[in-house]
file model.txt (compact mmCIF, C-alpha atoms)
# COMPACT_ATOMS: atom_id res chain seq x y z
CA MET A 26 131.67 -21.98 60.94
CA SER A 27 131.01 -19.22 58.45
CA ALA A 28 133.00 -16.74 60.54
CA ALA A 29 135.92 -19.18 60.68
CA ILE A 30 135.89 -19.62 56.91
CA ASP A 31 135.67 -15.86 56.42
CA SER A 32 138.63 -15.38 58.72
CA HIS A 33 140.64 -17.87 56.66
CA ARG A 34 139.65 -16.20 53.39
CA ASP A 35 140.58 -12.83 54.81
CA THR A 36 144.25 -13.95 54.78
CA HIS A 37 144.12 -13.65 50.99
CA ALA A 38 143.87 -9.91 51.51
CA THR A 39 146.87 -9.51 53.77
CA GLU A 40 147.99 -6.22 55.23
CA GLY A 41 151.58 -5.27 54.53
CA THR A 42 152.29 -7.83 51.80
CA GLY A 43 149.97 -6.94 48.96
CA ARG A 44 149.33 -4.18 46.50
CA PRO A 45 147.00 -1.44 47.82
CA THR A 46 143.87 -1.28 45.72
CA ARG A 47 140.97 1.12 46.07
CA PHE A 48 137.46 -0.29 46.19
CA ARG A 49 134.40 1.88 45.51
CA VAL A 50 131.62 -0.07 47.14
CA PHE A 51 127.91 0.54 46.64
CA ARG A 52 126.11 1.25 49.90
CA TYR A 53 122.42 1.33 50.66
CA LYS A 54 120.41 0.60 53.76
CA GLN A 55 116.64 0.33 54.00
CA GLY A 56 115.22 3.81 54.48
CA ASP A 57 118.10 5.63 52.76
CA ARG A 58 116.89 8.23 50.28
CA ALA A 59 119.51 7.23 47.74
CA PRO A 60 122.44 4.85 47.49
CA HIS A 61 126.03 6.09 47.60
CA PHE A 62 129.55 4.70 47.23
CA ASP A 63 132.10 4.29 50.03
CA GLU A 64 135.77 3.98 49.28
CA PHE A 65 138.11 1.49 50.95
CA SER A 66 141.74 0.58 50.42
CA VAL A 67 142.64 -3.11 50.57
CA GLU A 68 146.04 -4.69 50.09
CA VAL A 69 145.55 -7.51 47.62
CA ALA A 70 147.80 -10.41 46.74
CA GLU A 71 147.97 -12.18 43.37
CA GLU A 72 145.26 -14.68 44.34
CA THR A 73 142.94 -12.28 46.19
CA THR A 74 139.42 -12.41 44.84
CA VAL A 75 136.87 -9.61 44.94
CA LEU A 76 134.99 -11.61 47.57
CA ASP A 77 138.17 -11.93 49.69
CA ALA A 78 138.64 -8.16 49.50
CA LEU A 79 135.01 -7.48 50.48
CA ILE A 80 135.25 -9.86 53.42
CA SER A 81 138.46 -8.11 54.44
CA ILE A 82 136.66 -4.76 54.29
CA ARG A 83 133.86 -6.13 56.44
CA ASN A 84 136.22 -7.74 58.94
CA ARG A 85 138.76 -4.94 59.26
CA GLN A 86 137.20 -1.67 58.14
CA ASP A 87 133.41 -1.63 58.16
CA PRO A 88 131.43 -4.39 59.88
CA THR A 89 128.19 -2.89 58.57
CA LEU A 90 128.98 -3.89 54.98
CA ILE A 91 126.35 -6.41 53.94
CA LEU A 92 127.19 -9.02 51.32
CA ARG A 93 126.08 -12.54 50.51
CA HIS A 94 128.27 -15.52 49.75
CA SER A 95 128.57 -19.18 50.49
CA CYS A 96 130.57 -21.75 48.53
CA TYR A 97 133.64 -19.83 47.29
CA HIS A 98 133.79 -21.75 44.00
CA ALA A 99 131.05 -20.31 41.75
CA SER A 100 128.69 -23.16 42.50
CA CYS A 101 126.09 -21.67 44.86
CA GLY A 102 125.35 -18.54 42.83
CA THR A 103 125.01 -16.27 45.86
CA CYS A 104 127.90 -13.81 45.40
CA GLY A 105 126.99 -12.49 41.95
CA LEU A 106 127.91 -8.79 41.71
CA ARG A 107 128.58 -6.06 39.17
CA VAL A 108 132.31 -5.39 39.30
CA ASN A 109 133.64 -2.60 37.08
CA ASP A 110 130.29 -2.64 35.24
CA GLN A 111 130.36 -6.34 34.43
CA GLU A 112 128.42 -9.15 36.05
CA VAL A 113 130.73 -11.65 37.77
CA MET A 114 130.87 -14.18 40.58
CA ALA A 115 132.93 -12.34 43.20
CA CYS A 116 134.38 -15.56 44.60
CA VAL A 117 136.25 -16.50 41.42
CA THR A 118 137.13 -13.03 40.15
CA LYS A 119 140.71 -12.17 41.02
CA VAL A 120 141.34 -8.50 41.72
CA ALA A 121 144.67 -8.68 39.89
CA ASP A 122 142.92 -9.87 36.71
CA LEU A 123 140.77 -6.74 36.69
CA LYS A 124 143.90 -4.63 36.05
CA SER A 125 142.13 -1.68 37.57
CA ALA A 126 143.43 0.91 40.03
CA VAL A 127 139.91 1.42 41.36
CA VAL A 128 137.50 -1.50 41.60
CA LYS A 129 133.84 -0.52 41.50
CA VAL A 130 131.56 -3.02 43.24
CA GLU A 131 127.77 -2.91 42.94
CA PRO A 132 124.91 -5.34 43.53
CA ILE A 133 123.40 -6.99 40.47
CA ALA A 134 121.05 -4.65 38.60
CA ASN A 135 117.34 -4.79 37.77
CA GLN A 136 116.36 -6.32 41.08
CA THR A 137 115.18 -5.08 44.45
CA LEU A 138 117.87 -4.14 46.92
CA VAL A 139 117.88 -5.54 50.42
CA ALA A 140 121.00 -3.68 51.58
CA ASP A 141 124.45 -2.78 50.24
CA LEU A 142 125.46 -5.64 47.89
CA VAL A 143 122.50 -7.91 48.57
CA THR A 144 119.42 -8.08 46.37
CA ASP A 145 116.13 -9.84 46.90
CA MET A 146 116.06 -12.87 44.58
CA VAL A 147 112.27 -13.24 44.77
CA ASP A 148 111.84 -11.49 41.40
CA PHE A 149 114.30 -13.88 39.85
CA TYR A 150 112.67 -17.03 41.20
CA ALA A 151 109.18 -15.74 40.34
CA ARG A 152 110.17 -15.87 36.68
CA PHE A 153 110.75 -19.60 36.92
CA ASN A 154 107.36 -20.06 38.56
CA ALA A 155 105.77 -17.92 35.84
CA ILE A 156 106.69 -20.47 33.18
CA GLY A 157 105.47 -23.36 35.29
CA ARG A 158 108.96 -24.65 36.04
CA SER A 159 109.18 -24.67 39.79
CA LEU A 160 112.57 -23.99 41.34
CA ILE A 161 113.14 -27.50 42.59
CA GLN A 162 111.33 -30.44 41.05
CA ASN A 163 110.44 -33.26 43.38
CA SER A 164 111.70 -35.72 40.80
CA ASP A 165 115.19 -34.30 41.28
CA TRP A 166 115.28 -35.55 44.82
CA LEU A 167 113.11 -38.62 45.17
CA PRO A 168 115.28 -41.72 44.88
CA GLU A 169 112.30 -43.80 43.78
CA ALA A 170 111.60 -41.45 40.86
CA GLY A 171 112.38 -43.04 37.52
CA ARG A 172 114.50 -41.48 34.79
CA PRO A 173 113.57 -41.27 31.14
CA PRO A 174 115.70 -43.26 28.68
CA GLY A 175 119.04 -41.59 27.98
CA VAL A 176 119.00 -39.44 31.12
CA GLU A 177 121.76 -40.61 33.43
CA THR A 178 121.09 -38.20 36.24
CA TYR A 179 118.92 -35.21 37.05
CA ARG A 180 120.45 -31.84 37.53
CA ARG A 181 118.78 -28.66 38.70
CA PHE A 182 118.16 -26.57 35.58
CA GLU A 183 121.12 -28.44 34.24
CA ASN A 184 123.92 -25.94 34.75
CA CYS A 185 122.03 -22.87 36.00
CA ILE A 186 123.20 -21.83 39.47
CA GLU A 187 120.40 -19.25 39.81
CA CYS A 188 122.80 -16.38 40.43
CA GLY A 189 120.74 -13.75 38.58
CA LEU A 190 123.70 -12.35 36.63
CA CYS A 191 121.84 -12.84 33.33
CA LEU A 192 118.92 -10.76 34.55
CA SER A 193 121.34 -8.04 35.64
CA ALA A 194 123.20 -7.99 32.30
CA CYS A 195 120.13 -8.06 30.04
CA PRO A 196 119.38 -4.62 28.55
CA ILE A 197 115.74 -5.57 27.98
CA VAL A 198 115.06 -6.58 31.58
CA ALA A 199 116.43 -3.14 32.46
CA SER A 200 113.42 -1.44 30.87
CA ASP A 201 110.74 -4.13 30.76
CA PRO A 202 110.07 -5.75 34.14
CA ARG A 203 107.45 -8.06 32.65
CA TYR A 204 109.92 -9.73 30.30
CA LEU A 205 110.38 -13.31 31.46
CA GLY A 206 114.13 -12.93 31.10
CA PRO A 207 117.02 -15.17 30.10
CA ALA A 208 117.15 -17.68 32.97
CA ALA A 209 113.45 -18.55 32.89
CA LEU A 210 113.44 -18.83 29.10
CA ALA A 211 116.49 -21.08 29.20
CA ALA A 212 114.67 -23.22 31.77
CA ALA A 213 111.63 -23.20 29.47
CA TRP A 214 113.75 -24.59 26.66
CA ARG A 215 114.94 -27.37 28.93
CA ALA A 216 111.31 -28.15 29.79
CA ILE A 217 110.47 -28.25 26.08
CA GLU A 218 113.52 -30.32 25.27
CA GLU A 219 113.08 -32.69 28.19
CA PRO A 220 109.59 -32.25 29.69
CA ARG A 221 109.89 -34.54 32.75
CA GLY A 222 106.13 -34.60 33.17
CA LEU A 223 105.40 -31.04 32.04
CA ASP A 224 103.40 -30.39 28.89
CA PRO A 225 106.03 -29.00 26.48
CA GLU A 226 103.38 -27.40 24.25
CA ALA A 227 101.99 -25.46 27.21
CA VAL A 228 105.47 -24.26 28.19
CA LEU A 229 106.14 -23.32 24.56
CA GLN A 230 102.94 -21.27 24.46
CA LEU A 231 104.02 -19.36 27.58
CA THR A 232 107.15 -18.23 25.76
CA ASP A 233 105.24 -17.18 22.64
CA ASP A 234 104.31 -13.59 23.35
CA ALA A 235 105.71 -10.08 23.47
CA GLN A 236 107.11 -10.57 26.97
CA GLY A 237 108.39 -14.05 26.21
CA SER A 238 111.07 -15.25 23.84
CA TRP A 239 110.23 -12.60 21.22
CA ARG A 240 111.22 -9.82 23.63
CA CYS A 241 114.91 -10.78 23.40
CA HIS A 242 116.95 -8.44 21.18
CA ALA A 243 119.96 -10.67 20.72
CA ALA A 244 122.46 -8.66 22.77
CA PHE A 245 123.83 -11.96 24.13
CA GLU A 246 124.92 -10.19 27.33
CA CYS A 247 123.19 -12.90 29.38
CA SER A 248 125.30 -15.62 27.78
CA GLU A 249 128.44 -13.53 28.31
CA ALA A 250 127.60 -12.99 31.98
CA CYS A 251 126.53 -16.56 32.75
CA PRO A 252 129.20 -18.19 34.95
CA ALA A 253 127.80 -21.68 34.35
CA ASN A 254 127.75 -21.77 30.54
CA VAL A 255 123.99 -22.13 30.35
CA ASP A 256 124.01 -19.85 27.27
CA PRO A 257 120.53 -18.43 27.92
CA ALA A 258 120.52 -16.39 24.69
CA GLY A 259 121.29 -19.48 22.68
CA LYS A 260 118.42 -21.31 24.39
CA ILE A 261 116.04 -18.41 23.71
CA MET A 262 116.92 -18.64 20.03
CA LEU A 263 116.20 -22.39 20.09
CA VAL A 264 112.78 -21.63 21.57
CA ARG A 265 112.21 -19.14 18.76
CA ARG A 266 113.30 -21.58 16.09
CA ARG A 267 110.78 -24.08 17.40
CA LEU A 268 108.04 -21.41 17.57
CA ALA A 269 108.86 -20.10 14.08
CA ALA A 270 108.74 -23.61 12.64
CA ASP A 271 105.39 -24.25 14.33
CA HIS A 272 103.95 -20.95 13.09
CA LEU A 273 105.17 -21.58 9.54
CA ARG A 274 103.59 -25.04 9.61
CA SER A 275 100.32 -23.62 10.86
CA ILE A 276 100.35 -20.90 8.15
CA PHE A 277 100.82 -23.52 5.46
CA GLY A 278 98.27 -25.88 6.95
CA GLY A 279 100.64 -28.35 8.55
CA ARG A 280 100.49 -29.73 12.03
CA HIS A 281 102.44 -28.38 14.99
CA SER A 282 105.47 -30.49 15.84
CA MET B 29 98.07 -27.93 33.39
CA SER B 30 96.71 -25.13 35.54
CA ASP B 31 100.06 -24.91 37.33
CA GLN B 32 101.62 -23.89 34.01
CA THR B 33 99.50 -20.79 33.60
CA ALA B 34 101.61 -17.71 32.90
CA ASP B 35 101.33 -15.51 35.93
CA ARG B 36 103.22 -12.37 35.02
CA SER B 37 101.87 -10.53 38.06
CA ARG B 38 104.31 -12.63 40.04
CA VAL B 39 107.20 -11.40 37.94
CA GLU B 40 106.91 -7.72 38.76
CA ARG B 41 106.70 -6.49 42.31
CA PRO B 42 105.44 -3.07 43.36
CA ASP B 43 107.90 -0.22 43.04
CA GLU B 44 109.88 0.09 46.21
CA GLY B 45 111.53 3.46 45.73
CA ALA B 46 115.28 3.66 46.12
CA SER B 47 115.58 -0.08 46.67
CA ARG B 48 114.36 -0.76 43.14
CA ARG B 49 117.47 -0.78 40.97
CA ARG B 50 116.05 -1.16 37.47
CA ARG B 51 118.44 0.49 35.04
CA GLY B 52 115.71 1.61 32.63
CA VAL B 53 116.58 2.96 29.20
CA ILE B 54 120.08 3.68 30.55
CA GLY B 55 120.41 -0.10 30.56
CA TRP B 56 120.01 -0.05 26.78
CA ALA B 57 122.44 2.71 26.01
CA ASP B 58 125.14 2.35 28.66
CA PRO B 59 128.15 0.90 26.81
CA ARG B 60 130.26 0.35 29.95
CA GLY B 61 131.20 -3.25 30.42
CA ARG B 62 129.28 -4.46 27.36
CA ARG B 63 130.64 -7.10 25.01
CA LEU B 64 130.32 -7.47 21.24
CA GLY B 65 126.64 -8.46 21.24
CA GLY B 66 125.87 -5.61 23.62
CA TRP B 67 127.59 -3.14 21.33
CA ALA B 68 125.66 -4.55 18.36
CA PHE B 69 122.44 -4.02 20.33
CA ILE B 70 123.33 -0.43 21.28
CA LEU B 71 124.44 0.52 17.76
CA ASN B 72 121.35 -1.10 16.26
CA ARG B 73 119.09 0.97 18.52
CA LEU B 74 120.94 4.24 17.85
CA THR B 75 121.08 3.72 14.08
CA GLY B 76 117.44 2.66 14.09
CA LEU B 77 116.44 5.91 15.77
CA GLY B 78 118.70 7.85 13.38
CA ILE B 79 117.14 6.20 10.33
CA LEU B 80 113.66 6.95 11.68
CA LEU B 81 114.64 10.61 12.10
CA TYR B 82 116.08 10.61 8.56
CA LEU B 83 112.82 9.19 7.18
CA PHE B 84 110.85 12.16 8.52
CA MET B 85 113.49 14.63 7.26
CA HIS B 86 113.35 12.91 3.87
CA LEU B 87 109.58 13.33 3.71
CA VAL B 88 109.93 17.04 4.58
CA VAL B 89 112.50 17.44 1.80
CA LEU B 90 110.30 15.62 -0.70
CA SER B 91 107.47 17.98 0.14
CA LEU B 92 109.58 20.73 -1.46
CA LEU B 93 108.66 19.18 -4.83
CA ALA B 94 105.11 20.37 -4.26
CA ARG B 95 106.41 23.94 -3.94
CA GLY B 96 107.83 24.07 -7.44
CA PRO B 97 111.19 23.83 -9.26
CA SER B 98 112.80 26.80 -7.55
CA ALA B 99 112.30 25.34 -4.06
CA TRP B 100 113.67 21.95 -5.18
CA ASP B 101 116.65 23.41 -7.07
CA GLY B 102 117.52 25.50 -4.04
CA PHE B 103 117.61 22.40 -1.87
CA VAL B 104 119.71 20.45 -4.42
CA SER B 105 122.37 23.16 -4.34
CA ILE B 106 122.54 22.83 -0.54
CA ALA B 107 122.55 19.03 -0.81
CA LEU B 108 125.70 19.16 -2.92
CA SER B 109 127.64 21.15 -0.34
CA PRO B 110 130.54 19.31 1.36
CA VAL B 111 128.90 19.53 4.80
CA PHE B 112 125.65 18.00 3.53
CA LEU B 113 127.52 15.29 1.63
CA SER B 114 129.37 14.35 4.82
CA PHE B 115 125.97 13.77 6.42
CA ASP B 116 125.25 11.38 3.54
CA ILE B 117 128.26 9.34 4.61
CA VAL B 118 126.92 9.25 8.17
CA LEU B 119 123.54 8.14 6.79
CA ILE B 120 125.12 5.34 4.76
CA PHE B 121 127.08 4.26 7.85
CA GLY B 122 123.83 3.98 9.78
CA LEU B 123 121.99 2.16 6.99
CA LEU B 124 124.82 -0.33 6.49
CA LEU B 125 125.24 -1.04 10.19
CA HIS B 126 121.51 -1.39 10.84
CA GLY B 127 120.81 -3.42 7.70
CA LEU B 128 123.79 -5.76 7.98
CA ASN B 129 123.28 -6.33 11.71
CA GLY B 130 119.63 -6.92 10.84
CA ILE B 131 120.77 -9.93 8.78
CA ARG B 132 122.56 -11.28 11.87
CA VAL B 133 119.60 -10.59 14.16
CA THR B 134 117.21 -12.28 11.71
CA LEU B 135 119.39 -15.37 11.32
CA VAL B 136 120.05 -15.67 15.04
CA GLY B 137 116.45 -14.79 15.90
CA PHE B 138 115.27 -17.87 14.03
CA GLY B 139 117.77 -20.05 15.82
CA LEU B 140 120.23 -20.27 12.93
CA VAL B 141 124.02 -20.05 13.37
CA VAL B 142 123.52 -18.86 16.96
CA ASP B 143 126.92 -20.09 18.10
CA ARG B 144 128.56 -18.10 15.30
CA GLN B 145 126.81 -14.81 16.01
CA LYS B 146 130.00 -12.96 16.95
CA ALA B 147 131.88 -14.09 13.85
CA ILE B 148 128.89 -13.19 11.68
CA PHE B 149 128.72 -9.73 13.21
CA VAL B 150 132.42 -9.13 12.59
CA ALA B 151 132.19 -10.45 9.01
CA LEU B 152 129.16 -8.30 8.23
CA MET B 153 130.82 -5.23 9.72
CA VAL B 154 133.90 -5.83 7.54
CA VAL B 155 131.60 -5.97 4.50
CA GLY B 156 129.91 -2.81 5.77
CA ALA B 157 133.21 -0.99 6.26
CA LEU B 158 134.32 -1.84 2.71
CA ALA B 159 130.96 -0.72 1.31
CA LEU B 160 131.18 2.50 3.35
CA ILE B 161 134.65 3.27 1.99
CA VAL B 162 133.46 2.76 -1.59
CA ALA B 163 130.36 4.87 -0.99
CA ALA B 164 132.36 7.63 0.72
CA LEU B 165 134.82 7.79 -2.18
CA ARG B 166 131.96 8.05 -4.68
CA ILE B 167 130.31 10.81 -2.62
CA ILE B 168 133.59 12.71 -2.34
CA GLU B 169 134.00 12.43 -6.13
CA VAL B 170 130.57 14.02 -6.59
CA GLY B 171 131.50 16.78 -4.14
call {"tool": "encode", "arguments": {"input": "model.txt", "output": "structure tokens"}}
result
Amino acid sequence: MSAAIDSHRDTHATEGTGRPTRFRVFRYKQGDRAPHFDEFSVEVAEETTVLDALISIRNRQDPTLILRHSCYHASCGTCGLRVNDQEVMACVTKVADLKSAVVKVEPIANQTLVADLVTDMVDFYARFNAIGRSLIQNSDWLPEAGRPPGVETYRRFENCIECGLCLSACPIVASDPRYLGPAALAAAWRAIEEPRGLDPEAVLQLTDDAQGSWRCHAAFECSEACPANVDPAGKIMLVRRRLAADHLRSIFGGRHS
Amino acid sequence: MSDQTADRSRVERPDEGASRRRRGVIGWADPRGRRLGGWAFILNRLTGLGILLYLFMHLVVLSLLARGPSAWDGFVSIALSPVFLSFDIVLIFGLLLHGLNGIRVTLVGFGLVVDRQKAIFVALMVVGALALIVAALRIIEVG
């Protein structure tokens, strides 16, 4: 099924009818001493996405190119890449919109490579576990589970599609691997805001240290990169506001909220 | 709530050589592809380091006072040279950028006006640019 879909998508990068565009594609296989870039030329039409072009490269030029994708509409979060130095979902990024003679394609940064454009997402998911917010809550899926007043439906991390682009764009994650990072802190804020059985004070405490919410340096690159409008930086600042208010209350003898 | 214990050992995995693609300090300073907030972050770091360097240079200069009037007067004559005065303009640029962006970072860092952070940065930088022009004109007058 996947091969059939890929074949269909490949028609968006059609030989003989499009504009030739050069792609510099990051390559790495397990055991390589260092990564390198390979160059490919793909004829792209107005609607061709970066993912279409990569699939075309794999189908027509180099079957060893390894990439990951699934839904084709920025919902599954699997085709996040760095394209021309910016984090994007390849499936909804049109090559024509890049207005670039050479398109540089790399895997997302700050994570462990599997091969070529694929990274291991274990680091990313581990951050959610580290704040006690497991990736999928049972209450999201059990039909008999009740809903708190005012909550019409459960969503997984609300809008987060777990693509890892925020972790790739964050300059602090680049140098501090122990920083919890934008996605997990945004999830922490959701747990504080709407605990769903978690202890919000315990989650808040987990964000209150040098590798938690205070490690953010307000570059807002995570919010810029986020394809699902989670606004992780904004959520981190909400966590901080709550922590600052609690600390001020404790300094002046008041109770924590 | 034992399942909510912070377990940072699960965040970082052992280094795996070439397959580890952490950008390191380059990730701070690389301006390619960065947006306004990213530029604010980079400039804040660079000006912060510059101001730190200036602080040490300032202390060295002040130590000249302990060596008597001739040492100090000699430095003052150098300090009034056009080249030195142009460094003063660079210093004021750094102080204004770092200090004014610091206002933004402080406000945003406490969860205030977060959704206006870009507009605040632009507004503060306009104020900074005007202040820099005034300061530069005054310095040039002295020169």
call {"tool": "residues_near_point", "arguments": {"input": "model.txt", "point": "(109.6, -11.7, 21.9)", "cutoff": "12 Å", "atoms": "all atoms listed in the file", "output": "number ranges by chain"}}
result
A: 197, 201, 203-207, 210, 230-243, 261-262, 264-265, 268-269; B: 137-138
call {"tool": "residues_around", "arguments": {"input": "model.txt", "residues": "stretch 48-59 of chain A", "least_positions_apart": "6", "cutoff": "6 Å", "atoms": "all atoms listed in the file", "output": "MDAnalysis selection string"}}
result
(chainID A and resid 65 127:131 140:141) or (chainID B and resid 46)
call {"tool": "closest_residue", "arguments": {"input": "model.txt", "among": "A:Arg47, A:His61, A:Arg221, A:His94", "to": "A:Ala115", "atoms": "all atoms listed in the file"}}
result
A:His94
call {"tool": "atom_distance", "arguments": {"input": "model.txt", "atom1": "atom CA of B:Leu123", "atom2": "atom CA of B:Thr75"}}
result
7.3 Å
call {"tool": "interface_residues", "arguments": {"input": "model.txt", "of": "chain A", "to": "chain B", "cutoff": "6 Å", "atoms": "all atoms listed in the file", "output": "list in words"}}
result
Ala59, Asp110, Gln111, Ala134, Asn135, Gln136, Thr137, Leu138, Asp148, Ala151, Arg152, Ala155, Ile156, Gly157, Pro196, Ala199, Ser200, Pro202, Ala244, Phe245, Glu246, Met262, Leu263, Arg265 and Arg266 of chain A
